[in-house]
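Asks: Before I ask anything, let me first share the structure, which is written out below as structure tokens.
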Amino acid sequence: MIELRDVHKRFGSHEVLKGISASVEKSEVVCIIGPSGSGKSTILRCINGLESYEAGDILVEGARVERDARSIVAIREQVSMVFQRFNLFPHRTALENVVEGPIYVKHEPRAEALERGRALLAQVGLAEKADAHPAQLSGGQQQRVAIARALAMQPKAILFDEPTSALDPELVGDVLSVMRKLADDGMTMVVVTHEMGFARDVADRVLFIDGGVIVEQGAAKSVLNQPQHARTQDFLRRVLHPL
Amino acid sequence: MQKFLGDAAEFLPILLQGVGLTILVTLGSLLLSTILGLVWALLRVSGLRALSLLSAGLINVIRGIPIIVLLFYLYFVMPDFGVTLTALQAAILGLGIAYSAYQAENFRAGIEAIDKGQIEAAQTIGMGWWLTMRRVVLPQAVKIVLPPYGNIMIMLLKDSSQASTITVAELALQGKLIASSTFKNTSVFTLVALMYLTMSIPLILLVRHFENKANQR
């Protein structure tokens with residue numbers, strides 16, 4: 001459902017993506033791992049048009065992602081995104097954050113949207129926090145609201161950009177378990193992460209990216225347990241055994 | 001003191017007529033400058049280079065011309081081009097245009113203070129530029145913009161006295177007229193100053209209220 005063909009992207013003279021080709025099937029969970037600055041997040045940001053790309057094609061359900069076109073809104077309604085820093089709207093409550101898209105973008109009837117919004121908050125374990133503002137929530141709670149907000153758009157896929165990297169360690173588990181539940185329910189997910197345990201247990205496939213190219217990809221367990229490429233081996237050794 | 005109170009009782013009714021015009025000029029140009037300033041600011045942050053440059057250029061031109069020259073231009077020069085304005089219209093238009101530059105810079109600062117991540121989040125749930133502005137950016141920017149906005153109101157109230165240069169009989173001009181016919185400069189201008197101060201005090205309190213509210217967040 002998401003396909004990248006030889007995608008190139010540069011920031012000024014620095015080429016961040018040097019020909020990325022990959023595809024994500026429906027209901028598949030793909031984790032993107034790699035050192036920081038390797039272009040992992042840029043891939044996600046290109047998929048839903050937060051960044052432009054210079055060459056190649058990105059297709060979502062067959063439609064080319066073109067940042068300036070009106071079609072980008074249609075693509076964003078199908079592909080939601082969850083950010084490292086949550087990016088909730090601080091002037092609105094948890095519930096208002098969740099129903100903002102359904103009411104103002106999709107023009108759903110207010111009562112229906114609110115009812116579904118409450119159900120989504122319950123699904124991420126925050127039913128009782130509906131009226132809290134983001135500042136009153138912990139990072140983990142905020143990120144779960146952000147996931148509910150993404151789900152509220154009834155997307156066909158969700159992109160997660162390091163969803164647990166800004167969280168205190170003891171809050172990571174709550175967010176990961178919500179994501180695991182989504183994966184079990186058949187949501188198509190692309191997850192940039194440093195959580196190797198999550199990648200091994202939940203992902204169908206793992207892409208290892210370094211220096212703007214896909215160095216290695218394959219079934220999650222084989223890439224993480226028996227990496228073939230020296231750079232993958234080196235990266236995993238440093239992530240799994242930092243001391 | 002006795003003499004001052006006597007003068008005050010005598011001149012106050014005339015000066016109060018001036019106060020009416022002062023308030024009219026201030027409110028009129030406040031409204032105009034707010035609308036224009038918002039337009040300039042939105043052009044500036046539109047993300048379209050041509051509009052952004054146009055707005056920046058306009059703001060600099062407006063900022064670079066003294067208010068008094070702008071007023072002379074509207075009142076004395078525009079008739080040569082077939083546009084005749086009453087003194088009151090010219091005053092409101094001139095002050096409105098002059099202050100739109102300050103309003104625009106204030107609004108722009110407020111808009112740009114909003115975290116880019118929130119704008120991206122709005123985009124990823126399918127919001128277009130205008131919806132993002134209306135639902136995400138502007139409601140938050142208002143809180144940031146209000147204290148400086150209050151200061152602009154105070155400055156505008158005082159600068160409305162410049163309308164006297166194009167014959168608008170507001171408070172300053174009324175004062176000047178009375179003073180030059182009675183030679184009671186001290187009484188008259190003390191009264192005028194006190195009346196401006198009286199009008200400023202509610203605004204000063206309003207600014208303080210805005211600041212307290214902004215700090216509460």
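In the structure tokens, the first chain shown is A, the next is B, and so on; residue numbers restart at 1 for each chain, and ligands run from 1 in the order shown.
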Show me, as a PyMOL selection string, the residues that have an atom within 12 Å of stretch 20-22 of chain B when counting only C-alpha atoms, minus same-chain residues fewer than 4 positions from it.
Replies: chain B and resi 13-16+26-30+87-89+91-92+156-164+167-174+192+195-196+199
Asks: Please return, as a PDB file with all heavy atoms, in the first residue's frame, all residues of chain B lying within 12 Å of chain A when only C-alpha atoms are considered.
Replies:
ATOM      1  N   GLY B  47       4.073  31.476   3.414  1.00  0.00           N
ATOM      2  CA  GLY B  47       4.940  30.463   2.826  1.00  0.00           C
ATOM      3  C   GLY B  47       5.135  30.680   1.334  1.00  0.00           C
ATOM      4  O   GLY B  47       5.903  29.979   0.690  1.00  0.00           O
ATOM      5  N   LEU B  48       4.450  31.673   0.780  1.00  0.00           N
ATOM      6  CA  LEU B  48       4.641  32.001  -0.634  1.00  0.00           C
ATOM      7  C   LEU B  48       5.582  33.193  -0.717  1.00  0.00           C
ATOM      8  O   LEU B  48       5.307  34.258  -0.172  1.00  0.00           O
ATOM      9  CB  LEU B  48       3.294  32.340  -1.297  1.00  0.00           C
ATOM     10  CG  LEU B  48       2.264  31.209  -1.229  1.00  0.00           C
ATOM     11  CD1 LEU B  48       0.912  31.670  -1.748  1.00  0.00           C
ATOM     12  CD2 LEU B  48       2.747  30.008  -2.041  1.00  0.00           C
ATOM     13  N   ILE B 114       4.534  29.901  17.684  1.00  0.00           N
ATOM     14  CA  ILE B 114       3.883  28.603  17.823  1.00  0.00           C
ATOM     15  C   ILE B 114       4.803  27.520  17.275  1.00  0.00           C
ATOM     16  O   ILE B 114       5.350  27.641  16.187  1.00  0.00           O
ATOM     17  CB  ILE B 114       2.525  28.574  17.066  1.00  0.00           C
ATOM     18  CG1 ILE B 114       1.632  29.728  17.503  1.00  0.00           C
ATOM     19  CG2 ILE B 114       1.828  27.241  17.254  1.00  0.00           C
ATOM     20  CD1 ILE B 114       1.346  29.775  18.980  1.00  0.00           C
ATOM     21  N   ASP B 115       4.952  26.462  18.070  1.00  0.00           N
ATOM     22  CA  ASP B 115       5.838  25.358  17.757  1.00  0.00           C
ATOM     23  C   ASP B 115       5.514  24.755  16.381  1.00  0.00           C
ATOM     24  O   ASP B 115       4.371  24.419  16.102  1.00  0.00           O
ATOM     25  CB  ASP B 115       5.654  24.313  18.869  1.00  0.00           C
ATOM     26  CG  ASP B 115       6.458  23.067  18.602  1.00  0.00           C
ATOM     27  OD1 ASP B 115       7.496  23.175  17.944  1.00  0.00           O
ATOM     28  OD2 ASP B 115       6.029  21.987  19.063  1.00  0.00           O
ATOM     29  N   LYS B 116       6.559  24.636  15.547  1.00  0.00           N
ATOM     30  CA  LYS B 116       6.364  24.085  14.198  1.00  0.00           C
ATOM     31  C   LYS B 116       5.787  22.665  14.239  1.00  0.00           C
ATOM     32  O   LYS B 116       5.073  22.256  13.322  1.00  0.00           O
ATOM     33  CB  LYS B 116       7.697  24.057  13.433  1.00  0.00           C
ATOM     34  CG  LYS B 116       8.287  25.427  13.162  1.00  0.00           C
ATOM     35  CD  LYS B 116       7.617  26.118  11.993  1.00  0.00           C
ATOM     36  CE  LYS B 116       8.015  27.574  11.903  1.00  0.00           C
ATOM     37  NZ  LYS B 116       7.502  28.410  13.013  1.00  0.00           N
ATOM     38  N   GLY B 117       6.114  21.935  15.285  1.00  0.00           N
ATOM     39  CA  GLY B 117       5.624  20.565  15.390  1.00  0.00           C
ATOM     40  C   GLY B 117       4.099  20.497  15.397  1.00  0.00           C
ATOM     41  O   GLY B 117       3.509  19.580  14.835  1.00  0.00           O
ATOM     42  N   GLN B 118       3.478  21.485  16.029  1.00  0.00           N
ATOM     43  CA  GLN B 118       2.013  21.501  16.057  1.00  0.00           C
ATOM     44  C   GLN B 118       1.440  21.755  14.682  1.00  0.00           C
ATOM     45  O   GLN B 118       0.397  21.214  14.315  1.00  0.00           O
ATOM     46  CB  GLN B 118       1.531  22.609  16.976  1.00  0.00           C
ATOM     47  CG  GLN B 118       1.688  22.275  18.419  1.00  0.00           C
ATOM     48  CD  GLN B 118       1.156  23.404  19.234  1.00  0.00           C
ATOM     49  OE1 GLN B 118       0.079  23.902  18.982  1.00  0.00           O
ATOM     50  NE2 GLN B 118       1.930  23.820  20.211  1.00  0.00           N
ATOM     51  N   ILE B 119       2.135  22.603  13.912  1.00  0.00           N
ATOM     52  CA  ILE B 119       1.670  22.887  12.557  1.00  0.00           C
ATOM     53  C   ILE B 119       1.781  21.626  11.706  1.00  0.00           C
ATOM     54  O   ILE B 119       0.881  21.298  10.933  1.00  0.00           O
ATOM     55  CB  ILE B 119       2.485  24.053  11.962  1.00  0.00           C
ATOM     56  CG1 ILE B 119       2.180  25.313  12.777  1.00  0.00           C
ATOM     57  CG2 ILE B 119       2.152  24.266  10.494  1.00  0.00           C
ATOM     58  CD1 ILE B 119       3.112  26.463  12.531  1.00  0.00           C
ATOM     59  N   GLU B 120       2.880  20.886  11.909  1.00  0.00           N
ATOM     60  CA  GLU B 120       3.033  19.626  11.177  1.00  0.00           C
ATOM     61  C   GLU B 120       1.958  18.630  11.594  1.00  0.00           C
ATOM     62  O   GLU B 120       1.393  17.911  10.768  1.00  0.00           O
ATOM     63  CB  GLU B 120       4.422  19.036  11.420  1.00  0.00           C
ATOM     64  CG  GLU B 120       5.517  19.887  10.801  1.00  0.00           C
ATOM     65  CD  GLU B 120       6.863  19.212  10.843  1.00  0.00           C
ATOM     66  OE1 GLU B 120       7.035  18.265  11.639  1.00  0.00           O
ATOM     67  OE2 GLU B 120       7.751  19.626  10.076  1.00  0.00           O
ATOM     68  N   ALA B 121       1.678  18.588  12.898  1.00  0.00           N
ATOM     69  CA  ALA B 121       0.645  17.666  13.376  1.00  0.00           C
ATOM     70  C   ALA B 121      -0.690  18.016  12.740  1.00  0.00           C
ATOM     71  O   ALA B 121      -1.447  17.125  12.327  1.00  0.00           O
ATOM     72  CB  ALA B 121       0.545  17.730  14.901  1.00  0.00           C
ATOM     73  N   ALA B 122      -0.972  19.312  12.630  1.00  0.00           N
ATOM     74  CA  ALA B 122      -2.224  19.735  12.000  1.00  0.00           C
ATOM     75  C   ALA B 122      -2.253  19.295  10.538  1.00  0.00           C
ATOM     76  O   ALA B 122      -3.268  18.802  10.047  1.00  0.00           O
ATOM     77  CB  ALA B 122      -2.369  21.251  12.100  1.00  0.00           C
ATOM     78  N   GLN B 123      -1.112  19.445   9.870  1.00  0.00           N
ATOM     79  CA  GLN B 123      -1.053  19.026   8.463  1.00  0.00           C
ATOM     80  C   GLN B 123      -1.294  17.531   8.322  1.00  0.00           C
ATOM     81  O   GLN B 123      -1.985  17.091   7.408  1.00  0.00           O
ATOM     82  CB  GLN B 123       0.319  19.372   7.865  1.00  0.00           C
ATOM     83  CG  GLN B 123       0.510  20.860   7.665  1.00  0.00           C
ATOM     84  CD  GLN B 123       1.913  21.198   7.184  1.00  0.00           C
ATOM     85  OE1 GLN B 123       2.813  20.374   7.205  1.00  0.00           O
ATOM     86  NE2 GLN B 123       2.101  22.423   6.732  1.00  0.00           N
ATOM     87  N   THR B 124      -0.722  16.753   9.241  1.00  0.00           N
ATOM     88  CA  THR B 124      -0.844  15.303   9.084  1.00  0.00           C
ATOM     89  C   THR B 124      -2.259  14.806   9.381  1.00  0.00           C
ATOM     90  O   THR B 124      -2.580  13.686   9.033  1.00  0.00           O
ATOM     91  CB  THR B 124       0.140  14.520   9.982  1.00  0.00           C
ATOM     92  OG1 THR B 124      -0.102  14.884  11.338  1.00  0.00           O
ATOM     93  CG2 THR B 124       1.562  14.801   9.616  1.00  0.00           C
ATOM     94  N   ILE B 125      -3.099  15.616  10.033  1.00  0.00           N
ATOM     95  CA  ILE B 125      -4.492  15.186  10.113  1.00  0.00           C
ATOM     96  C   ILE B 125      -5.320  15.861   9.019  1.00  0.00           C
ATOM     97  O   ILE B 125      -6.538  15.944   9.112  1.00  0.00           O
ATOM     98  CB  ILE B 125      -5.127  15.407  11.505  1.00  0.00           C
ATOM     99  CG1 ILE B 125      -5.047  16.862  11.937  1.00  0.00           C
ATOM    100  CG2 ILE B 125      -4.499  14.515  12.550  1.00  0.00           C
ATOM    101  CD1 ILE B 125      -5.846  17.134  13.215  1.00  0.00           C
ATOM    102  N   GLY B 126      -4.638  16.325   7.991  1.00  0.00           N
ATOM    103  CA  GLY B 126      -5.334  16.767   6.780  1.00  0.00           C
ATOM    104  C   GLY B 126      -5.761  18.228   6.775  1.00  0.00           C
ATOM    105  O   GLY B 126      -6.517  18.646   5.914  1.00  0.00           O
ATOM    106  N   MET B 127      -5.274  19.017   7.739  1.00  0.00           N
ATOM    107  CA  MET B 127      -5.664  20.423   7.760  1.00  0.00           C
ATOM    108  C   MET B 127      -4.890  21.202   6.709  1.00  0.00           C
ATOM    109  O   MET B 127      -3.687  21.032   6.563  1.00  0.00           O
ATOM    110  CB  MET B 127      -5.367  21.042   9.125  1.00  0.00           C
ATOM    111  CG  MET B 127      -6.311  20.588  10.200  1.00  0.00           C
ATOM    112  SD  MET B 127      -6.034  21.591  11.666  1.00  0.00           S
ATOM    113  CE  MET B 127      -7.398  21.057  12.671  1.00  0.00           C
ATOM    114  N   GLY B 128      -5.585  22.072   5.999  1.00  0.00           N
ATOM    115  CA  GLY B 128      -4.917  22.966   5.064  1.00  0.00           C
ATOM    116  C   GLY B 128      -4.377  24.182   5.800  1.00  0.00           C
ATOM    117  O   GLY B 128      -4.488  24.280   7.028  1.00  0.00           O
ATOM    118  N   TRP B 129      -3.797  25.111   5.018  1.00  0.00           N
ATOM    119  CA  TRP B 129      -3.137  26.273   5.627  1.00  0.00           C
ATOM    120  C   TRP B 129      -4.104  27.092   6.465  1.00  0.00           C
ATOM    121  O   TRP B 129      -3.821  27.429   7.618  1.00  0.00           O
ATOM    122  CB  TRP B 129      -2.522  27.147   4.525  1.00  0.00           C
ATOM    123  CG  TRP B 129      -1.740  28.305   5.060  1.00  0.00           C
ATOM    124  CD1 TRP B 129      -0.432  28.275   5.446  1.00  0.00           C
ATOM    125  CD2 TRP B 129      -2.213  29.644   5.278  1.00  0.00           C
ATOM    126  NE1 TRP B 129      -0.064  29.522   5.890  1.00  0.00           N
ATOM    127  CE2 TRP B 129      -1.129  30.382   5.797  1.00  0.00           C
ATOM    128  CE3 TRP B 129      -3.432  30.287   5.093  1.00  0.00           C
ATOM    129  CZ2 TRP B 129      -1.233  31.717   6.129  1.00  0.00           C
ATOM    130  CZ3 TRP B 129      -3.527  31.630   5.425  1.00  0.00           C
ATOM    131  CH2 TRP B 129      -2.438  32.328   5.928  1.00  0.00           C
ATOM    132  N   TRP B 130      -5.259  27.412   5.917  1.00  0.00           N
ATOM    133  CA  TRP B 130      -6.174  28.304   6.610  1.00  0.00           C
ATOM    134  C   TRP B 130      -6.766  27.640   7.853  1.00  0.00           C
ATOM    135  O   TRP B 130      -6.885  28.253   8.913  1.00  0.00           O
ATOM    136  CB  TRP B 130      -7.275  28.789   5.660  1.00  0.00           C
ATOM    137  CG  TRP B 130      -8.310  29.615   6.348  1.00  0.00           C
ATOM    138  CD1 TRP B 130      -9.636  29.359   6.418  1.00  0.00           C
ATOM    139  CD2 TRP B 130      -8.095  30.830   7.108  1.00  0.00           C
ATOM    140  NE1 TRP B 130     -10.259  30.327   7.166  1.00  0.00           N
ATOM    141  CE2 TRP B 130      -9.342  31.233   7.604  1.00  0.00           C
ATOM    142  CE3 TRP B 130      -6.967  31.585   7.419  1.00  0.00           C
ATOM    143  CZ2 TRP B 130      -9.508  32.370   8.389  1.00  0.00           C
ATOM    144  CZ3 TRP B 130      -7.128  32.712   8.212  1.00  0.00           C
ATOM    145  CH2 TRP B 130      -8.387  33.103   8.675  1.00  0.00           C
ATOM    146  N   LEU B 131      -7.136  26.370   7.726  1.00  0.00           N
ATOM    147  CA  LEU B 131      -7.706  25.660   8.870  1.00  0.00           C
ATOM    148  C   LEU B 131      -6.668  25.559   9.999  1.00  0.00           C
ATOM    149  O   LEU B 131      -6.988  25.717  11.178  1.00  0.00           O
ATOM    150  CB  LEU B 131      -8.171  24.267   8.430  1.00  0.00           C
ATOM    151  CG  LEU B 131      -9.136  23.533   9.362  1.00  0.00           C
ATOM    152  CD1 LEU B 131     -10.374  24.374   9.629  1.00  0.00           C
ATOM    153  CD2 LEU B 131      -9.535  22.183   8.768  1.00  0.00           C
ATOM    154  N   THR B 132      -5.406  25.307   9.624  1.00  0.00           N
ATOM    155  CA  THR B 132      -4.331  25.256  10.623  1.00  0.00           C
ATOM    156  C   THR B 132      -4.214  26.590  11.346  1.00  0.00           C
ATOM    157  O   THR B 132      -4.079  26.643  12.572  1.00  0.00           O
ATOM    158  CB  THR B 132      -2.987  24.918   9.946  1.00  0.00           C
ATOM    159  OG1 THR B 132      -3.130  23.697   9.228  1.00  0.00           O
ATOM    160  CG2 THR B 132      -1.878  24.777  10.976  1.00  0.00           C
ATOM    161  N   ARG B 134      -6.585  28.886  11.675  1.00  0.00           N
ATOM    162  CA  ARG B 134      -7.800  29.202  12.426  1.00  0.00           C
ATOM    163  C   ARG B 134      -7.945  28.337  13.675  1.00  0.00           C
ATOM    164  O   ARG B 134      -8.344  28.817  14.729  1.00  0.00           O
ATOM    165  CB  ARG B 134      -9.012  28.985  11.508  1.00  0.00           C
ATOM    166  CG  ARG B 134     -10.328  29.459  12.069  1.00  0.00           C
ATOM    167  CD  ARG B 134     -11.358  29.580  10.959  1.00  0.00           C
ATOM    168  NE  ARG B 134     -11.740  28.294  10.413  1.00  0.00           N
ATOM    169  CZ  ARG B 134     -12.660  27.501  10.962  1.00  0.00           C
ATOM    170  NH1 ARG B 134     -13.271  27.838  12.065  1.00  0.00           N
ATOM    171  NH2 ARG B 134     -12.964  26.355  10.396  1.00  0.00           N
ATOM    172  N   ARG B 135      -7.592  27.072  13.571  1.00  0.00           N
ATOM    173  CA  ARG B 135      -7.869  26.153  14.672  1.00  0.00           C
ATOM    174  C   ARG B 135      -6.661  25.958  15.590  1.00  0.00           C
ATOM    175  O   ARG B 135      -6.818  25.627  16.752  1.00  0.00           O
ATOM    176  CB  ARG B 135      -8.304  24.783  14.130  1.00  0.00           C
ATOM    177  CG  ARG B 135      -9.624  24.792  13.373  1.00  0.00           C
ATOM    178  CD  ARG B 135     -10.792  25.030  14.287  1.00  0.00           C
ATOM    179  NE  ARG B 135     -10.833  24.101  15.411  1.00  0.00           N
ATOM    180  CZ  ARG B 135     -11.636  24.239  16.442  1.00  0.00           C
ATOM    181  NH1 ARG B 135     -12.459  25.267  16.512  1.00  0.00           N
ATOM    182  NH2 ARG B 135     -11.613  23.367  17.427  1.00  0.00           N
ATOM    183  N   VAL B 136      -5.452  26.095  15.056  1.00  0.00           N
ATOM    184  CA  VAL B 136      -4.267  25.752  15.846  1.00  0.00           C
ATOM    185  C   VAL B 136      -3.424  26.984  16.182  1.00  0.00           C
ATOM    186  O   VAL B 136      -3.111  27.229  17.345  1.00  0.00           O
ATOM    187  CB  VAL B 136      -3.398  24.707  15.104  1.00  0.00           C
ATOM    188  CG1 VAL B 136      -2.149  24.390  15.901  1.00  0.00           C
ATOM    189  CG2 VAL B 136      -4.207  23.439  14.837  1.00  0.00           C
ATOM    190  N   VAL B 137      -3.070  27.773  15.169  1.00  0.00           N
ATOM    191  CA  VAL B 137      -2.084  28.831  15.385  1.00  0.00           C
ATOM    192  C   VAL B 137      -2.710  30.067  16.036  1.00  0.00           C
ATOM    193  O   VAL B 137      -2.259  30.510  17.099  1.00  0.00           O
ATOM    194  CB  VAL B 137      -1.396  29.215  14.052  1.00  0.00           C
ATOM    195  CG1 VAL B 137      -0.442  30.375  14.271  1.00  0.00           C
ATOM    196  CG2 VAL B 137      -0.657  28.012  13.481  1.00  0.00           C
ATOM    197  N   LEU B 138      -3.756  30.607  15.424  1.00  0.00           N
ATOM    198  CA  LEU B 138      -4.284  31.890  15.905  1.00  0.00           C
ATOM    199  C   LEU B 138      -4.822  31.823  17.347  1.00  0.00           C
ATOM    200  O   LEU B 138      -4.555  32.733  18.134  1.00  0.00           O
ATOM    201  CB  LEU B 138      -5.337  32.437  14.940  1.00  0.00           C
ATOM    202  CG  LEU B 138      -4.770  32.830  13.558  1.00  0.00           C
ATOM    203  CD1 LEU B 138      -5.869  33.367  12.650  1.00  0.00           C
ATOM    204  CD2 LEU B 138      -3.661  33.861  13.687  1.00  0.00           C
ATOM    205  N   PRO B 139      -5.565  30.768  17.734  1.00  0.00           N
ATOM    206  CA  PRO B 139      -6.062  30.748  19.116  1.00  0.00           C
ATOM    207  C   PRO B 139      -4.932  30.827  20.149  1.00  0.00           C
ATOM    208  O   PRO B 139      -5.105  31.399  21.223  1.00  0.00           O
ATOM    209  CB  PRO B 139      -6.782  29.398  19.220  1.00  0.00           C
ATOM    210  CG  PRO B 139      -7.105  29.008  17.831  1.00  0.00           C
ATOM    211  CD  PRO B 139      -6.037  29.592  16.971  1.00  0.00           C
ATOM    212  N   GLN B 140      -3.783  30.252  19.816  1.00  0.00           N
ATOM    213  CA  GLN B 140      -2.658  30.314  20.754  1.00  0.00           C
ATOM    214  C   GLN B 140      -1.894  31.611  20.611  1.00  0.00           C
ATOM    215  O   GLN B 140      -1.374  32.157  21.592  1.00  0.00           O
ATOM    216  CB  GLN B 140      -1.707  29.145  20.510  1.00  0.00           C
ATOM    217  CG  GLN B 140      -2.337  27.797  20.763  1.00  0.00           C
ATOM    218  CD  GLN B 140      -1.332  26.688  20.565  1.00  0.00           C
ATOM    219  OE1 GLN B 140      -0.486  26.458  21.407  1.00  0.00           O
ATOM    220  NE2 GLN B 140      -1.412  26.006  19.432  1.00  0.00           N
ATOM    221  N   ALA B 141      -1.804  32.103  19.366  1.00  0.00           N
ATOM    222  CA  ALA B 141      -1.049  33.334  19.123  1.00  0.00           C
ATOM    223  C   ALA B 141      -1.713  34.516  19.833  1.00  0.00           C
ATOM    224  O   ALA B 141      -1.030  35.418  20.312  1.00  0.00           O
ATOM    225  CB  ALA B 141      -0.931  33.598  17.623  1.00  0.00           C
ATOM    226  N   VAL B 142      -3.046  34.489  19.932  1.00  0.00           N
ATOM    227  CA  VAL B 142      -3.775  35.598  20.559  1.00  0.00           C
ATOM    228  C   VAL B 142      -3.238  35.873  21.957  1.00  0.00           C
ATOM    229  O   VAL B 142      -2.987  37.022  22.329  1.00  0.00           O
ATOM    230  CB  VAL B 142      -5.288  35.272  20.619  1.00  0.00           C
ATOM    231  CG1 VAL B 142      -5.996  36.202  21.586  1.00  0.00           C
ATOM    232  CG2 VAL B 142      -5.898  35.394  19.236  1.00  0.00           C
ATOM    233  N   LYS B 143      -3.001  34.810  22.720  1.00  0.00           N
ATOM    234  CA  LYS B 143      -2.526  34.988  24.102  1.00  0.00           C
ATOM    235  C   LYS B 143      -1.152  35.641  24.147  1.00  0.00           C
ATOM    236  O   LYS B 143      -0.858  36.411  25.047  1.00  0.00           O
ATOM    237  CB  LYS B 143      -2.454  33.626  24.804  1.00  0.00           C
ATOM    238  CG  LYS B 143      -3.825  33.102  25.163  1.00  0.00           C
ATOM    239  CD  LYS B 143      -3.689  31.801  25.936  1.00  0.00           C
ATOM    240  CE  LYS B 143      -5.033  31.105  26.035  1.00  0.00           C
ATOM    241  NZ  LYS B 143      -4.889  29.661  26.151  1.00  0.00           N
ATOM    242  N   ARG B 217      -0.167  30.764  32.060  1.00  0.00           N
ATOM    243  CA  ARG B 217      -0.105  29.529  31.288  1.00  0.00           C
ATOM    244  C   ARG B 217       1.079  28.660  31.682  1.00  0.00           C
ATOM    245  O   ARG B 217       2.183  29.113  31.830  1.00  0.00           O
ATOM    246  CB  ARG B 217       0.003  29.849  29.802  1.00  0.00           C
ATOM    247  CG  ARG B 217      -1.354  30.145  29.230  1.00  0.00           C
ATOM    248  CD  ARG B 217      -1.325  30.020  27.734  1.00  0.00           C
ATOM    249  NE  ARG B 217      -0.185  30.686  27.156  1.00  0.00           N
ATOM    250  CZ  ARG B 217       0.410  30.267  26.039  1.00  0.00           C
ATOM    251  NH1 ARG B 217       0.024  29.198  25.461  1.00  0.00           N
ATOM    252  NH2 ARG B 217       1.421  30.961  25.550  1.00  0.00           N
TER     253      ARG B 217
END
Asks: Please determine, counting only C-alpha atoms, which residue among A:Phe235, A:Tyr53, A:Phe198, A:Phe208 has the shortest atom-to-atom distance to A:Arg10.
Replies: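 For A:Arg10, the nearest of the given residues is A:Tyr53.
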Asks: Among the residues of stretch 104-202 of chain A, find those DSSP assigns to helix (DSSP H, G or I) from the backbone and print them as a PyMOL selection string.
Replies: chain A and resi 104+110-123+127-129+134-136+139-152+169-184+196-202
Asks: Work out how far atom CA of B:Leu93 is from atom CA of B:Val25, in Å to one decimal.
Replies: 9.2 Å
Asks: Nearest to A:Val124 among A:Asp234, A:Glu162, A:Asp174, A:Asp185, with distances taken over only C-alpha atoms: which residue is it?
Replies: A:Asp174
Asks: Return the single residue from A:Ala94, A:Met1, A:Ile147, A:Leu17 that is closest to A:Val29, with distances computed using only C-alpha atoms.
Replies: A:Met1
Asks: For B:Thr198, which of B:Leu24, B:Ile97, B:Met133, B:Val19 is the closest residue, counting only C-alpha atoms?
Replies: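 Using only C-alpha atoms, B:Thr198 sits closest to B:Val19.
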Asks: When you draw a straight line from atom CA of A:Lys129 to atom CA of A:Gln142, how long is it in Å?
Replies: 10.2 Å
Asks: For A:Gly140, list every protein, DNA or RNA residue within 10 Å, evaluated using only C-alpha atoms, and leave out those in the same chain fewer than 3 positions away; present the list as a list in words.
Replies: Phe86, Leu137, Gln143, Arg144, Val145, Ala146, Pro163, Thr164, Ala166, Leu167, Asp168, Pro169, Glu170, Leu171, Val172, Gly173, Asp174, Val175 and Leu176 of chain A
